[in-house]
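Structure file run15.txt; described as compact mmCIF, C-alpha atoms.
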# COMPACT_ATOMS: atom_id res chain seq x y z
CA MET A 1 80.55 102.99 150.49
CA THR A 2 78.94 100.34 148.31
CA ASP A 3 78.89 96.68 149.26
CA ARG A 4 76.87 93.50 148.84
CA ALA A 5 74.76 93.96 151.99
CA VAL A 6 71.05 93.47 151.30
CA PHE A 7 68.07 93.57 153.65
CA THR A 8 64.59 92.77 152.31
CA ASP A 9 61.33 91.39 153.65
CA ALA A 10 62.16 87.98 152.17
CA TYR A 11 65.89 87.63 152.75
CA ALA A 12 69.03 89.37 154.00
CA VAL A 13 72.70 89.12 153.03
CA ILE A 14 75.35 90.21 155.54
CA PRO A 15 78.71 90.08 153.73
CA LYS A 16 81.92 89.28 155.55
CA GLY A 17 83.24 92.79 154.95
CA VAL A 18 80.81 94.35 157.42
CA MET A 19 81.78 92.05 160.30
CA ARG A 20 84.29 94.43 161.85
CA ASP A 21 85.18 95.61 165.34
CA ILE A 22 82.56 98.36 165.33
CA VAL A 23 79.63 95.90 165.09
CA THR A 24 80.62 93.46 167.85
CA SER A 25 78.62 92.84 171.01
CA ASN A 26 79.60 91.98 174.58
CA LEU A 27 77.47 89.41 176.42
CA PRO A 28 76.76 88.96 180.16
CA PHE A 29 78.97 86.44 181.99
CA TRP A 30 81.32 86.02 179.02
CA ASP A 31 84.97 86.98 179.62
CA GLY A 32 87.55 87.69 176.92
CA THR A 33 84.83 87.28 174.31
CA ARG A 34 83.17 89.32 171.60
CA ALA A 35 80.24 88.34 169.41
CA TRP A 36 78.91 89.21 165.99
CA ILE A 37 75.14 88.77 166.19
CA LEU A 38 74.11 87.70 162.71
CA ALA A 39 70.43 87.04 163.35
CA ARG A 40 67.94 87.61 166.16
CA PRO A 41 64.15 87.35 166.47
CA LEU A 42 62.84 90.61 165.06
CA SER A 43 59.77 91.80 163.23
CA GLY A 44 60.42 91.29 159.52
CA PHE A 45 63.58 89.27 160.19
CA ALA A 46 64.50 85.98 161.89
CA GLU A 47 61.53 84.62 163.83
CA THR A 48 62.67 81.29 165.27
CA PHE A 49 66.40 81.58 166.04
CA SER A 50 69.46 83.67 166.77
CA GLN A 51 72.94 83.07 165.41
CA TYR A 52 76.24 84.44 166.75
CA ILE A 53 79.88 84.23 165.77
CA MET A 54 81.75 83.96 169.07
CA GLU A 55 85.44 84.91 169.29
CA VAL A 56 86.98 83.76 172.57
CA GLN A 57 90.49 84.74 173.64
CA PRO A 58 92.78 82.36 175.56
CA GLU A 59 91.43 81.81 179.10
CA GLY A 60 88.17 83.46 178.06
CA GLY A 61 84.71 81.94 178.12
CA SER A 62 81.74 81.67 180.43
CA HIS A 63 80.54 79.76 183.46
CA LYS A 64 76.95 80.82 182.67
CA PRO A 65 76.72 81.04 178.88
CA GLU A 66 72.97 80.62 178.26
CA PRO A 67 70.58 83.00 180.10
CA ASP A 68 67.35 81.44 178.77
CA PRO A 69 66.39 78.08 180.37
CA GLU A 70 64.10 77.32 177.41
CA ALA A 71 66.83 77.82 174.78
CA GLU A 72 68.62 74.94 173.09
CA GLY A 73 71.87 75.56 171.25
CA VAL A 74 74.38 74.28 168.74
CA PHE A 75 78.09 75.12 168.72
CA PHE A 76 80.13 74.68 165.53
CA VAL A 77 83.84 75.51 165.74
CA VAL A 78 85.52 77.19 162.76
CA GLN A 79 88.86 78.14 164.35
CA GLY A 80 90.91 77.05 167.34
CA GLU A 81 89.65 74.97 170.25
CA ILE A 82 87.05 75.32 173.00
CA THR A 83 86.24 73.10 175.97
CA VAL A 84 82.66 72.48 177.06
CA ASP A 85 82.13 71.14 180.59
CA LEU A 86 78.79 69.38 181.03
CA GLY A 87 77.66 66.88 183.65
CA GLY A 88 81.12 66.50 185.14
CA LYS A 89 82.75 65.73 181.79
CA SER A 90 84.96 67.92 179.58
CA HIS A 91 84.53 67.89 175.82
CA SER A 92 87.17 69.40 173.54
CA LEU A 93 85.93 70.82 170.23
CA THR A 94 88.40 71.76 167.50
CA GLU A 95 87.72 73.07 163.97
CA GLY A 96 84.75 71.12 162.61
CA GLY A 97 83.62 70.20 166.13
CA TYR A 98 79.89 70.23 166.85
CA ALA A 99 77.90 70.26 170.08
CA TYR A 100 74.15 70.07 170.70
CA LEU A 101 73.12 71.50 174.08
CA PRO A 102 69.49 70.95 175.12
CA ALA A 103 67.33 73.51 176.86
CA GLY A 104 68.08 73.74 180.55
CA ALA A 105 71.55 72.19 180.29
CA ALA A 106 74.05 73.56 182.83
CA TYR A 107 77.42 73.84 181.10
CA GLU A 108 80.53 76.00 180.92
CA VAL A 109 82.62 77.06 177.92
CA ARG A 110 86.31 77.95 178.10
CA ASN A 111 89.18 78.52 175.72
CA LYS A 112 92.01 76.63 177.43
CA SER A 113 94.34 76.86 174.43
CA GLY A 114 96.93 79.51 173.70
CA ALA A 115 95.21 80.95 170.62
CA PRO A 116 91.84 82.61 169.90
CA ALA A 117 88.89 80.32 169.19
CA VAL A 118 85.93 81.10 166.93
CA PHE A 119 82.64 79.22 166.85
CA HIS A 120 79.06 79.64 165.70
CA TRP A 121 76.34 79.57 168.32
CA VAL A 122 72.81 78.90 167.04
CA ARG A 123 70.04 79.32 169.63
CA LYS A 124 66.37 78.41 169.47
CA ARG A 125 63.60 78.25 172.06
CA TYR A 126 62.79 74.54 172.28
CA GLU A 127 59.25 73.52 171.35
CA ALA A 128 58.37 70.60 173.63
CA VAL A 129 55.74 68.07 172.54
CA GLU A 130 53.79 66.02 175.07
CA GLY A 131 54.79 62.36 174.82
CA ILE A 132 58.11 63.06 173.06
CA PRO A 133 61.21 63.27 175.29
CA LYS A 134 63.63 66.17 175.09
CA PRO A 135 66.83 65.36 173.15
CA GLU A 136 70.05 64.79 175.03
CA ALA A 137 73.32 66.67 174.62
CA PHE A 138 75.86 65.23 172.19
CA PHE A 139 79.31 66.13 170.89
CA THR A 140 80.74 65.09 167.54
CA HIS A 141 82.79 66.25 164.55
CA GLU A 142 81.76 66.90 160.96
CA LYS A 143 84.04 64.12 159.73
CA ASP A 144 82.00 61.63 161.79
CA ALA A 145 78.58 62.84 160.60
CA VAL A 146 76.40 61.24 157.94
CA VAL A 147 76.86 62.68 154.43
CA ALA A 148 73.66 62.30 152.40
CA PRO A 149 73.85 62.98 148.63
CA MET A 150 70.78 64.78 147.35
CA PRO A 151 68.66 62.97 144.72
CA ASP A 152 69.37 63.36 141.01
CA THR A 153 72.53 65.48 141.41
CA ASN A 154 75.26 62.84 140.82
CA GLY A 155 76.75 63.65 144.22
CA ALA A 156 77.36 67.31 143.36
CA TRP A 157 74.97 68.41 146.14
CA ALA A 158 75.14 66.77 149.57
CA THR A 159 74.11 67.42 153.16
CA THR A 160 76.16 66.52 156.23
CA ARG A 161 73.56 65.68 158.86
CA PHE A 162 74.29 65.71 162.57
CA VAL A 163 70.77 64.62 163.56
CA ASP A 164 68.57 61.92 162.03
CA PRO A 165 65.73 63.75 160.19
CA SER A 166 63.23 61.21 161.56
CA ASP A 167 64.13 61.96 165.20
CA MET A 168 61.07 63.88 166.38
CA ARG A 169 62.80 65.00 169.57
CA HIS A 170 64.66 67.64 167.58
CA ASP A 171 62.88 70.78 166.41
CA MET A 172 65.88 72.30 164.64
CA HIS A 173 68.64 71.03 162.40
CA VAL A 174 72.04 72.66 161.96
CA ASN A 175 73.71 70.89 159.04
CA ILE A 176 76.46 71.49 156.48
CA VAL A 177 75.42 71.71 152.84
CA SER A 178 78.07 71.31 150.15
CA PHE A 179 78.28 71.64 146.37
CA GLU A 180 81.05 70.55 144.10
CA PRO A 181 82.15 73.21 141.55
CA GLY A 182 79.31 73.64 139.10
CA GLY A 183 76.83 71.89 141.40
CA CYS A 184 73.44 73.46 141.87
CA ILE A 185 70.02 73.29 143.45
CA PRO A 186 68.14 72.34 140.29
CA PHE A 187 64.86 74.01 141.21
CA ALA A 188 63.63 76.98 143.23
CA GLU A 189 62.79 75.69 146.71
CA THR A 190 59.85 77.19 148.61
CA HIS A 191 59.07 75.72 152.02
CA VAL A 192 57.92 76.46 155.55
CA MET A 193 61.41 76.27 157.06
CA GLU A 194 63.27 79.45 157.97
CA HIS A 195 66.98 79.43 157.14
CA GLY A 196 70.20 80.88 158.41
CA LEU A 197 73.19 80.18 156.12
CA TYR A 198 76.83 80.96 156.88
CA VAL A 199 79.23 80.32 154.00
CA LEU A 200 82.17 78.22 155.19
CA GLU A 201 83.99 77.79 151.89
CA GLY A 202 83.89 78.81 148.25
CA LYS A 203 81.66 81.05 146.15
CA ALA A 204 78.21 80.77 144.62
CA VAL A 205 75.40 82.69 143.04
CA TYR A 206 72.12 82.45 144.96
CA ARG A 207 68.65 83.05 143.61
CA LEU A 208 66.72 84.66 146.49
CA ASN A 209 63.11 85.60 145.84
CA SER A 210 63.47 87.33 142.44
CA ASP A 211 67.12 88.42 142.78
CA TRP A 212 70.52 86.94 141.94
CA VAL A 213 73.05 87.47 144.73
CA GLU A 214 76.76 86.57 144.78
CA VAL A 215 78.05 85.10 148.05
CA GLU A 216 81.39 83.82 149.29
CA ALA A 217 83.12 82.41 152.36
CA GLY A 218 82.38 84.54 155.42
CA ASP A 219 78.97 85.79 154.24
CA PHE A 220 75.71 85.16 156.11
CA MET A 221 72.22 84.85 154.63
CA TRP A 222 68.81 84.82 156.28
CA LEU A 223 65.89 83.39 154.30
CA ARG A 224 62.32 83.86 155.39
CA ALA A 225 59.95 80.89 155.25
CA PHE A 226 58.68 80.32 151.69
CA CYS A 227 61.31 82.60 150.13
CA PRO A 228 62.16 81.02 146.73
CA GLN A 229 65.78 79.86 146.78
CA ALA A 230 68.24 78.13 144.48
CA CYS A 231 71.98 78.38 143.82
CA TYR A 232 74.91 77.18 141.80
CA ALA A 233 78.53 76.89 142.88
CA GLY A 234 80.51 79.21 140.65
CA GLY A 235 83.99 79.12 142.16
CA PRO A 236 86.95 76.81 141.57
CA THR A 237 86.49 75.04 144.92
CA ARG A 238 83.62 73.42 146.81
CA PHE A 239 80.86 75.66 148.12
CA ARG A 240 79.87 74.83 151.70
CA TYR A 241 77.65 76.50 154.25
CA LEU A 242 76.36 75.95 157.76
CA LEU A 243 72.56 75.72 157.56
CA TYR A 244 69.93 76.29 160.27
CA LYS A 245 66.31 75.29 159.78
CA ASP A 246 63.31 74.73 162.05
CA VAL A 247 61.74 71.28 161.62
CA ASN A 248 59.38 68.61 162.94
CA ARG A 249 56.69 70.80 164.48
CA HIS A 250 53.17 71.88 163.54
CA ALA A 251 52.70 75.40 162.25
CA ARG A 252 51.68 77.63 165.11
CA LEU A 253 48.20 79.07 164.80
CA GLY A 254 47.27 82.57 165.90
CA SER A 255 44.92 83.24 168.76
CA PHE A 256 41.32 84.04 167.93
CA GLN A 257 39.00 86.29 169.87
CA ARG A 258 35.58 84.84 170.60
Using structure tokens, write down the structure that the file contains.
Amino acid sequence: MTDRAVFTDAYAVIPKGVMRDIVTSNLPFWDGTRAWILARPLSGFAETFSQYIMEVQPEGGSHKPEPDPEAEGVFFVVQGEITVDLGGKSHSLTEGGYAYLPAGAAYEVRNKSGAPAVFHWVRKRYEAVEGIPKPEAFFTHEKDAVVAPMPDTNGAWATTRFVDPSDMRHDMHVNIVSFEPGGCIPFAETHVMEHGLYVLEGKAVYRLNSDWVEVEAGDFMWLRAFCPQACYAGGPTRFRYLLYKDVNRHARLGSFQR
């Protein structure tokens, strides 16, 4: 009855071994689909986003996937194939496929293949800014995205970016971070961004707050804003994870009574 699951005020680790049938959820207007809800807005937990693993059986899907008209979303496919219908066009996403769906977009999602499909769905309530237009939907693949090596790491640490960091229309980034074996974050980061990390490949040891935590493919981590974080890739293969972070907006200030 022991495992690597950890839940603290600063971070959480949900290992792949706990993602079993007993912890799945069913969602309204989704057929032939089950979801593992990895993160949701909750006191002392994720504040800005939710993240699901969606498993869709052949002919399953939804004609009304998003119930919140203010929610934007990102799909990232890790198995099989899904089809997203938006604006009269069909977009096929296979493993490594990526879709950004802006708030208010009317779309449908179906699995038209003969095998189950699995994808990540990251949702955030869009923070509009007067004078800055809302971003448009786009569909791409990780192989077509920009890979940016991080400074002073000799290419051992890189980020695959699907959105230009200078594009102020976007208030969240969902990227892929990768480390070659032995690569590391060479300092303990502390910053205002909240993180959701799903390990796609490999193994690593993460420094979270004051703890060392071992993670591997299939694990999920949540990191609170300002939680100290660093890691090194300790396995024989690359270490890669899907990373959510909130960006490009002022810090919200609390209301004051006069």
Q: May I have the residues within 7 Å of segment 183-188 of chain A as a PyMOL selection string, using all atoms listed in the file and disregarding those fewer than 5 positions away in the same chain?
A: chain A and resi 156-157+228-233
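Of the residues listed (A:Asn209, A:Ser62, A:Asn248, A:Thr24), A:Asn209 shows the shortest atom-to-atom separation from Ala12 of chain A; distances use only C-alpha atoms.
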Q. Between atom CA of Gly104 of chain A and atom CA of Gly73 of chain A, what is the distance, to one decimal in Å?
A. 10.2 Å
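Taking atom CA of Ile14 of chain A and atom CA of Thr48 of chain A as endpoints, the distance between them is 18.3 Å.
Among the candidate residues A:Ser210, A:Gln79, A:Thr8, A:Thr33, the one lying nearest to Pro65 of chain A is A:Thr33, with distances computed using only C-alpha atoms.
Distance annotation: of A:Asp246, A:Asp152, A:Glu108, A:Glu70, the residue with the minimal separation from Gly88 of chain A is A:Glu108; atom set is all atoms listed in the file.
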Q | Distance query Ala103 of chain A at most 8 Å, all atoms listed in the file, self and fewer than 4 positions along chain excluded, as a VMD selection string | A | chain A and resid 69 to 73 125 to 126
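Our summary of the geometry notes that atom CA of Val215 of chain A is positioned 9.4 Å from atom CA of Lys16 of chain A.
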Q.
What's around Lys134 of chain A at 10 Å? Count only C-alpha atoms, leave out sequence neighbours fewer than 5 positions away in its own chain, and write the answer as a PyMOL selection string.
A. chain A and resi 102-103+126-129+168-171
**Q.** Protein, DNA and RNA residues within 12 Å of (82.4, 66.4, 157.4), only C-alpha atoms, as a list in words
**A.** Phe76, Glu95, Gly96, Gly97, Tyr98, Thr140, His141, Glu142, Lys143, Asp144, Ala145, Val146, Val147, Ala148, Ala158, Thr159, Thr160, Arg161, Phe162, Asn175, Ile176, Val177, Ser178, Arg240, Tyr241 and Leu242 of chain A
